[in-house]
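Structure first, then comments.
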Protein chains: 2
Amino acid sequence: MHIFVTGAAGFIGSNLVDELLRRGDSVLGFDNLSTGRREFLDNALKSANFRFVEADLKNTETLTASMQGADAVFHMAANADVRFGLEHPRKDLEENTIVTFNVLEAMRANGVKVIAFASTGSVYGEAQVIPTPEDAPFPIQTSLYGASKLACEGLIAAYAEGFGIRSYIFRFVSILGERYTHGHVFDFVQKLSADPTKLHILGNGLQRKSYLYIGDCVSAILTAMEHARDKVNIFNLGTKEYCQVKDSAQWIAERLGVSPQFNYSGGDRGWVGDNPFIFLDTQRIRLLGWSAQRNIRQGVEQTVDWLRANEWVFSERSGR
Amino acid sequence: MHIFVTGAAGFIGSNLVDELLRRGDSVLGFDNLSTGRREFLDNALKSANFRFVEADLKNTETLTASMQGADAVFHMAANADVRFGLEHPRKDLEENTIVTFNVLEAMRANGVKVIAFASTGSVYGEAQVIPTPEDAPFPIQTSLYGASKLACEGLIAAYAEGFGIRSYIFRFVSILGERYTHGHVFDFVQKLSADPTKLHILGNGLQRKSYLYIGDCVSAILTAMEHARDKVNIFNLGTKEYCQVKDSAQWIAERLGVSPQFNYSGGDRGWVGDNPFIFLDTQRIRLLGWSAQRNIRQGVEQTVDWLRANEWVFSERSGR
């Protein structure tokens with residue numbers, strides 16, 4: 001199979017590229033390197049089956065030309081910044097919704113009939129049913145990020161119906177692990193490296209969140225695509241547990257061997273639109289034979305270890 | 001109150017403008033006249049409380065300037081063409097999703113804190129629960145039109161959460177009545193005027209559809225805005241019944257006094273993405289004291305009468 005991967009130099013994209021190459025697929029990776037890192041493709045670039053195109057998905061001409069001959073598209077590129085959406089509302093519209101439309105149009109132009117899409121559990125807003133199944137009550141959006149991903153899901157499903165495209169929509173909890181460069185573990189490790197005596201935590205620390213290890217995420221995506229055959233296949237991806245922010249902070253401190261004082265900003269939300277309880281029902285993907293190999297604590301610890309071994313991701317990180 | 005109405009020269013928009021003026025509000029109507037008709041504002045333009053701006057919502061500068069001083073926005077402008085979405089996929093994205101983003105940004109710039117939005121029952125896709133309540137299971141989109149309206153709903157809810165805007169989202173069944181210029185009654189009356197001996201009907205005629213009379217639609221919108229006070233207020237609007245396409249065709253023929261032979265294209269859908277059964281649970285709006293004053297047949301007949309008295313809407317209609 002020849003696979004086209006957007007966001008190929010990103011956290012999830014680059015891990016997916018490595019696994020696809022390992023399985024023997026040929027891969028064209030597409031990334032504008034706005035948040036992706038070329039270093040994450042070091043391994044892939046050694047393969048004769050990999051080609052990298054550095055370009056923006058807004059450049060529809062390059063996008064369409066690069067996709068030629070693809071059997072499937074893995075659309076992982078996104079503005080993944082759920083927290084700062086209100087500071088630049090246009091970003092989620094342009095980098096998520098409109099860009100997904102561009103990808104679908106390029107698929108149509110090239111006759112590509114399969115898409116896998118990185119959505120998010122944030123599309124459930126503040127879910128009324130927890131653990132939240134894929135067919136939870138019609139949600140009300142609480143973040144521009146979630147709203148943009150919902151818009152992408154809608155576009156993909158409508159293209160699936162209208163143009164005979166088979167689609168796989170994955171609603172992720174937060175993903176952790178190697179090449180993770182964005183989120184609370186990143187922030188906490190960075191802060192504790194600068195000052196191991198204290199850690200400022202947004203909210204009251206009691207927010208309940210879910211995480212999944214990247215290796216488990218990639219294997220879930222590939223499992224779903226091997227077994228599910230509907231026009232629109234939607235899967236929650238996560239573990240069977242959740243944790244509290246304060247627990248996660250404690251695990252990180254322990255793994256780093258530090259004993260900081262925790263200070264809380266207070267309130268049950270870290271920021272406007274923060275969801276105080278995220279926990280997805282993952283029975284649907286587990287019924288296909290997939291299960292997570294690492295629990296949340298193991299995922300957090302593996303992430304801490306990777307960040308410590310790759311401190312360059314802090315120093316060279318592109319600004320928001 | 002000073003109200004800003006987009007799509008003011010359209011079917012629903014112009015009826016809303018007339019009612020707002022009747023109630024004593026001042027209104028600025030905004031419309032690019034791409035499908036709206038200046039004639040629908042003949043009455044409004046006689047009022048000193050009405051001003052009309054002919055401009056496109058893509059023109060964000062004019063939009064933002066025109067909205068100055070508004071207390072509330074009624075966003076009725078849209079590409080309302082559910083059937084031909086697949087012929088021009090970009091249209092729903094640009095004229096619905098992106099334009100709604102522009103409206104929200106203009107509200108933010110002007111400090112406008114209330115929005116009413118014309119959504120659609122099409123956001124439920126092919127609903128699993130019928131009659132379909134507002135919190136139906138998370139739907140899968142089947143049309144680009146529904147997907148674009150869902151994207152708009154998500155944007156509006158996220159702005160409501162993030163920027164303290166109170167929002168009213170109305171999921172309409174098909175609306176009928178005075179100034180109706182688009183949909184099956186329009187098409188059937190037009191065809192039967194040309195040839196009263198036969199009528200070609202898409203699908204097998206057994207599709208079950210719901211309709212609401214425009215006067216009832218406008219009163220429902222205003223009732224909801226008087227009584228509901230959540231951040232995000234979502235209401236289905238429709239009657240307590242549905243009808244079949246073949247029934248509706250028969251009522252139209254009878255009202256026109258003709259006896260055509262009905263020919264069916266066959267299949268349980270009129271076109272790709274057509275929904276064979278639309279019926280919304282409207283208990284939520286009825287609990288606020290609203291009820292429909294006309295049933296579906298009365299709405300259909302009133303529409304036929306209006307179309308016959310206004311044949312100019314056929315001859316001068318702008319092309320697709």
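By convention in this document, the chains of the structure tokens carry letters A, B, ... by their order, each chain's residues are numbered from 1, and ligands are numbered from 1 in the order they are shown.
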Using only C-alpha atoms, what does the table of chain A residues within 6 Å of chain B look like, with each row giving the shortest atom pair and its distance in Å to one decimal, sorted by chain and ascending number, as JSON lines?
```
{"residue": "A:Asp135", "atom": "CA", "partner": "B:Phe138", "partner_atom": "CA", "distance": 4.8}
{"residue": "A:Ala136", "atom": "CA", "partner": "B:Pro137", "partner_atom": "CA", "distance": 5.4}
{"residue": "A:Pro137", "atom": "CA", "partner": "B:Pro137", "partner_atom": "CA", "distance": 4.4}
{"residue": "A:Phe138", "atom": "CA", "partner": "B:Phe138", "partner_atom": "CA", "distance": 4.3}
{"residue": "A:Gln141", "atom": "CA", "partner": "B:Gly154", "partner_atom": "CA", "distance": 5.4}
{"residue": "A:Thr142", "atom": "CA", "partner": "B:Ala158", "partner_atom": "CA", "distance": 4.7}
{"residue": "A:Ser143", "atom": "CA", "partner": "B:Ala158", "partner_atom": "CA", "distance": 4.8}
{"residue": "A:Leu144", "atom": "CA", "partner": "B:Ala158", "partner_atom": "CA", "distance": 5.3}
{"residue": "A:Ala147", "atom": "CA", "partner": "B:Gly154", "partner_atom": "CA", "distance": 4.6}
{"residue": "A:Ala151", "atom": "CA", "partner": "B:Ala151", "partner_atom": "CA", "distance": 4.4}
{"residue": "A:Gly154", "atom": "CA", "partner": "B:Ala147", "partner_atom": "CA", "distance": 4.6}
{"residue": "A:Leu155", "atom": "CA", "partner": "B:Ala147", "partner_atom": "CA", "distance": 5.7}
{"residue": "A:Ala157", "atom": "CA", "partner": "B:Gln141", "partner_atom": "CA", "distance": 5.4}
{"residue": "A:Ala158", "atom": "CA", "partner": "B:Thr142", "partner_atom": "CA", "distance": 4.7}
{"residue": "A:Glu161", "atom": "CA", "partner": "B:Thr142", "partner_atom": "CA", "distance": 5.7}
```
Could you save the residues just selected, with N, CA and C atoms, as a PDB file, in the first residue's frame?
```pdb
ATOM      1  N   ASP A 135     -21.671   6.957  20.571  1.00  0.00           N
ATOM      2  CA  ASP A 135     -23.015   7.450  20.246  1.00  0.00           C
ATOM      3  C   ASP A 135     -23.644   8.167  21.439  1.00  0.00           C
ATOM      4  N   ALA A 136     -22.801   8.846  22.200  1.00  0.00           N
ATOM      5  CA  ALA A 136     -23.266   9.661  23.334  1.00  0.00           C
ATOM      6  C   ALA A 136     -24.292  10.686  22.865  1.00  0.00           C
ATOM      7  N   PRO A 137     -25.077  11.252  23.799  1.00  0.00           N
ATOM      8  CA  PRO A 137     -26.035  12.287  23.390  1.00  0.00           C
ATOM      9  C   PRO A 137     -25.327  13.434  22.646  1.00  0.00           C
ATOM     10  N   PHE A 138     -26.002  13.924  21.635  1.00  0.00           N
ATOM     11  CA  PHE A 138     -25.541  15.030  20.783  1.00  0.00           C
ATOM     12  C   PHE A 138     -24.848  16.092  21.643  1.00  0.00           C
ATOM     13  N   GLN A 141     -20.550  21.887  21.985  1.00  0.00           N
ATOM     14  CA  GLN A 141     -19.115  22.190  21.955  1.00  0.00           C
ATOM     15  C   GLN A 141     -18.754  23.250  22.997  1.00  0.00           C
ATOM     16  N   THR A 142     -17.569  23.077  23.584  1.00  0.00           N
ATOM     17  CA  THR A 142     -17.113  24.044  24.582  1.00  0.00           C
ATOM     18  C   THR A 142     -15.764  24.648  24.211  1.00  0.00           C
ATOM     19  N   SER A 143     -15.145  24.154  23.148  1.00  0.00           N
ATOM     20  CA  SER A 143     -13.861  24.735  22.716  1.00  0.00           C
ATOM     21  C   SER A 143     -13.848  24.880  21.208  1.00  0.00           C
ATOM     22  N   LEU A 144     -13.097  25.854  20.743  1.00  0.00           N
ATOM     23  CA  LEU A 144     -12.962  26.053  19.302  1.00  0.00           C
ATOM     24  C   LEU A 144     -12.242  24.868  18.674  1.00  0.00           C
ATOM     25  N   ALA A 147     -14.802  22.127  18.383  1.00  0.00           N
ATOM     26  CA  ALA A 147     -15.742  22.518  17.325  1.00  0.00           C
ATOM     27  C   ALA A 147     -15.130  22.307  15.949  1.00  0.00           C
ATOM     28  N   ALA A 151     -16.323  19.742  13.032  1.00  0.00           N
ATOM     29  CA  ALA A 151     -16.558  20.183  11.653  1.00  0.00           C
ATOM     30  C   ALA A 151     -15.840  19.253  10.673  1.00  0.00           C
ATOM     31  N   GLY A 154     -17.681  15.949  10.394  1.00  0.00           N
ATOM     32  CA  GLY A 154     -18.880  16.101   9.565  1.00  0.00           C
ATOM     33  C   GLY A 154     -18.539  16.096   8.086  1.00  0.00           C
ATOM     34  N   LEU A 155     -17.492  16.841   7.724  1.00  0.00           N
ATOM     35  CA  LEU A 155     -17.056  16.872   6.327  1.00  0.00           C
ATOM     36  C   LEU A 155     -16.672  15.474   5.852  1.00  0.00           C
ATOM     37  N   ALA A 157     -17.568  12.520   7.027  1.00  0.00           N
ATOM     38  CA  ALA A 157     -18.731  11.634   6.927  1.00  0.00           C
ATOM     39  C   ALA A 157     -19.563  11.975   5.685  1.00  0.00           C
ATOM     40  N   ALA A 158     -19.723  13.259   5.397  1.00  0.00           N
ATOM     41  CA  ALA A 158     -20.508  13.658   4.219  1.00  0.00           C
ATOM     42  C   ALA A 158     -19.798  13.254   2.928  1.00  0.00           C
ATOM     43  N   GLU A 161     -20.327   9.510   2.525  1.00  0.00           N
ATOM     44  CA  GLU A 161     -21.663   9.229   1.997  1.00  0.00           C
ATOM     45  C   GLU A 161     -21.765   9.620   0.527  1.00  0.00           C
TER      46      GLU A 161
END
```
Just list as number ranges by chain whatever in range 29-175 of chain A DSSP marks as alpha helix (DSSP H).
A: 60-66, 89-92, 99-110, 144-163
Pull C-alpha atoms from the residues just selected and write them as a PDB file, in the first residue's frame.
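Saved as selection.pdb:
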```pdb
ATOM      1  CA  THR A  60      -3.813  22.732  -2.601  1.00  0.00           C
ATOM      2  CA  GLU A  61      -1.794  22.343  -5.783  1.00  0.00           C
ATOM      3  CA  THR A  62       1.175  20.717  -4.065  1.00  0.00           C
ATOM      4  CA  LEU A  63      -1.191  18.720  -1.865  1.00  0.00           C
ATOM      5  CA  THR A  64      -3.108  17.296  -4.815  1.00  0.00           C
ATOM      6  CA  ALA A  65       0.030  16.533  -6.821  1.00  0.00           C
ATOM      7  CA  SER A  66       1.758  14.865  -3.853  1.00  0.00           C
ATOM      8  CA  PRO A  89     -10.083  31.736  16.840  1.00  0.00           C
ATOM      9  CA  ARG A  90      -9.210  31.730  13.145  1.00  0.00           C
ATOM     10  CA  LYS A  91      -6.460  29.164  13.611  1.00  0.00           C
ATOM     11  CA  ASP A  92      -8.723  26.191  14.335  1.00  0.00           C
ATOM     12  CA  VAL A  99      -7.379  22.116   5.648  1.00  0.00           C
ATOM     13  CA  THR A 100      -9.429  18.942   6.111  1.00  0.00           C
ATOM     14  CA  PHE A 101     -11.670  20.122   3.307  1.00  0.00           C
ATOM     15  CA  ASN A 102      -8.531  20.552   1.175  1.00  0.00           C
ATOM     16  CA  VAL A 103      -7.417  17.013   1.989  1.00  0.00           C
ATOM     17  CA  LEU A 104     -10.835  15.608   1.033  1.00  0.00           C
ATOM     18  CA  GLU A 105     -10.862  17.536  -2.226  1.00  0.00           C
ATOM     19  CA  ALA A 106      -7.366  16.261  -3.037  1.00  0.00           C
ATOM     20  CA  MET A 107      -8.594  12.728  -2.334  1.00  0.00           C
ATOM     21  CA  ARG A 108     -11.494  13.254  -4.687  1.00  0.00           C
ATOM     22  CA  ALA A 109      -9.184  14.598  -7.389  1.00  0.00           C
ATOM     23  CA  ASN A 110      -6.898  11.576  -6.981  1.00  0.00           C
ATOM     24  CA  LEU A 144     -12.962  26.053  19.302  1.00  0.00           C
ATOM     25  CA  TYR A 145     -10.626  23.091  18.962  1.00  0.00           C
ATOM     26  CA  GLY A 146     -13.398  20.565  19.597  1.00  0.00           C
ATOM     27  CA  ALA A 147     -15.742  22.518  17.325  1.00  0.00           C
ATOM     28  CA  SER A 148     -13.203  22.460  14.498  1.00  0.00           C
ATOM     29  CA  LYS A 149     -12.603  18.730  14.864  1.00  0.00           C
ATOM     30  CA  LEU A 150     -16.369  18.149  14.861  1.00  0.00           C
ATOM     31  CA  ALA A 151     -16.558  20.183  11.653  1.00  0.00           C
ATOM     32  CA  CYS A 152     -13.860  17.929  10.157  1.00  0.00           C
ATOM     33  CA  GLU A 153     -15.725  14.795  11.217  1.00  0.00           C
ATOM     34  CA  GLY A 154     -18.880  16.101   9.565  1.00  0.00           C
ATOM     35  CA  LEU A 155     -17.056  16.872   6.327  1.00  0.00           C
ATOM     36  CA  ILE A 156     -15.434  13.438   6.280  1.00  0.00           C
ATOM     37  CA  ALA A 157     -18.731  11.634   6.927  1.00  0.00           C
ATOM     38  CA  ALA A 158     -20.508  13.658   4.219  1.00  0.00           C
ATOM     39  CA  TYR A 159     -17.724  12.890   1.733  1.00  0.00           C
ATOM     40  CA  ALA A 160     -17.930   9.230   2.734  1.00  0.00           C
ATOM     41  CA  GLU A 161     -21.663   9.229   1.997  1.00  0.00           C
ATOM     42  CA  GLY A 162     -21.456  11.344  -1.134  1.00  0.00           C
ATOM     43  CA  PHE A 163     -18.283  10.165  -2.787  1.00  0.00           C
TER      44      PHE A 163
END
```
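The space separating CA of Gly36 in chain A from CA of Ile12 in chain A comes to 9.8 Å.
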For Pro260 in chain B, work out the shell of residues within 9 Å, counting only C-alpha atoms and skipping chain neighbours fewer than 2 positions away, then give it as a count of residues only.
10
Quick one: residues within 12 Å of Leu176 in chain B, only C-alpha atoms, excluding same-chain residues fewer than 2 positions away - as number ranges by chain?
B: 11-12, 15, 172-174, 178-186, 210-218, 238-239, 294-307
Store the residues picked out above in a file with C-alpha atoms, as a compact mmCIF listing (two decimals), in the first residue's frame.
```
# COMPACT_ATOMS: atom_id res chain seq x y z
CA PHE B 11 -37.46 33.49 2.79
CA ILE B 12 -37.10 33.15 6.56
CA ASN B 15 -40.48 37.19 7.31
CA PHE B 172 -35.68 23.47 11.43
CA VAL B 173 -37.60 20.96 9.47
CA SER B 174 -38.30 22.33 5.97
CA GLU B 178 -45.09 33.10 1.95
CA ARG B 179 -41.81 33.89 0.09
CA TYR B 180 -40.85 30.23 -0.13
CA THR B 181 -38.71 29.90 -3.25
CA HIS B 182 -36.83 26.66 -2.87
CA GLY B 183 -37.83 23.04 -2.31
CA HIS B 184 -40.27 20.41 -3.41
CA VAL B 185 -43.47 22.50 -3.33
CA PHE B 186 -41.74 25.11 -5.50
CA SER B 210 -41.65 17.23 8.03
CA TYR B 211 -42.62 20.81 7.29
CA LEU B 212 -43.42 23.91 9.31
CA TYR B 213 -45.27 27.06 8.29
CA ILE B 214 -43.11 30.20 8.26
CA GLY B 215 -45.39 32.13 10.64
CA ASP B 216 -45.08 29.33 13.18
CA CYS B 217 -41.31 29.23 12.64
CA VAL B 218 -40.92 32.95 13.33
CA GLY B 238 -41.48 21.44 13.50
CA THR B 239 -45.04 20.22 13.84
CA ARG B 294 -50.97 25.32 11.00
CA ASN B 295 -50.49 21.64 10.21
CA ILE B 296 -48.39 20.42 7.31
CA ARG B 297 -51.22 20.24 4.79
CA GLN B 298 -52.33 23.78 5.61
CA GLY B 299 -48.74 24.97 5.23
CA VAL B 300 -48.41 23.24 1.87
CA GLU B 301 -51.70 24.72 0.62
CA GLN B 302 -50.84 28.21 1.80
CA THR B 303 -47.54 27.88 -0.05
CA VAL B 304 -49.26 26.78 -3.25
CA ASP B 305 -51.62 29.75 -3.01
CA TRP B 306 -48.74 32.16 -2.47
CA LEU B 307 -46.73 30.73 -5.38
```
Per-residue DSSP, range 58-252 of chain B, filtered to strand (DSSP E), as a PyMOL selection string:
chain B and resi 72-75+114-120+166-172+174-176+198-201+208-209+211-213+232-237+243-244
Skipping near chain neighbours, those fewer than 3 positions away, what residues fall within 6 Å of range 71-77 of chain A using only C-alpha atoms, listed as a PyMOL selection string?
chain A and resi 2-7+13+112+114-118
Nearest residue to Met67 in chain B out of B:Phe84, B:Phe40, B:Phe30, B:Phe235, using only C-alpha atoms?
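Of B:Phe84, B:Phe40, B:Phe30, B:Phe235, the one nearest Met67 in chain B, counting only C-alpha atoms, is B:Phe30.
Pairwise distance (CA of Gln244 in chain A, CA of Ala292 in chain A) equals 19.2 Å.
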List as a VMD selection string the protein and nucleic acid residues near Leu41 in chain A, meaning an atom at most 9 Å away when only C-alpha atoms are counted, but skip any in the same chain fewer than 3 places from it.
chain A and resid 8 to 9 14 to 15 17 to 18 37 to 38 44 to 46 52
Written file, previous selection with C-alpha atoms, as a PDB file, in the first residue's frame:
```pdb
ATOM      1  CA  ALA A   8       4.010  13.284   9.176  1.00  0.00           C
ATOM      2  CA  ALA A   9       6.657  15.084  11.223  1.00  0.00           C
ATOM      3  CA  SER A  14       5.816  10.384  12.780  1.00  0.00           C
ATOM      4  CA  ASN A  15       5.158   7.382  15.025  1.00  0.00           C
ATOM      5  CA  VAL A  17       5.010   6.669   9.623  1.00  0.00           C
ATOM      6  CA  ASP A  18       7.595   4.502  11.386  1.00  0.00           C
ATOM      7  CA  ARG A  37      10.089  18.278  13.806  1.00  0.00           C
ATOM      8  CA  ARG A  38      12.307  17.048  11.011  1.00  0.00           C
ATOM      9  CA  ALA A  44      11.922   7.234   8.190  1.00  0.00           C
ATOM     10  CA  LEU A  45      14.249   9.168   5.912  1.00  0.00           C
ATOM     11  CA  LYS A  46      16.657   6.243   5.938  1.00  0.00           C
ATOM     12  CA  PHE A  52       8.951  13.691   2.528  1.00  0.00           C
TER      13      PHE A  52
END
```
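The coordinates place CA of Asp247 in chain A at 21.6 Å from CA of Val82 in chain A.
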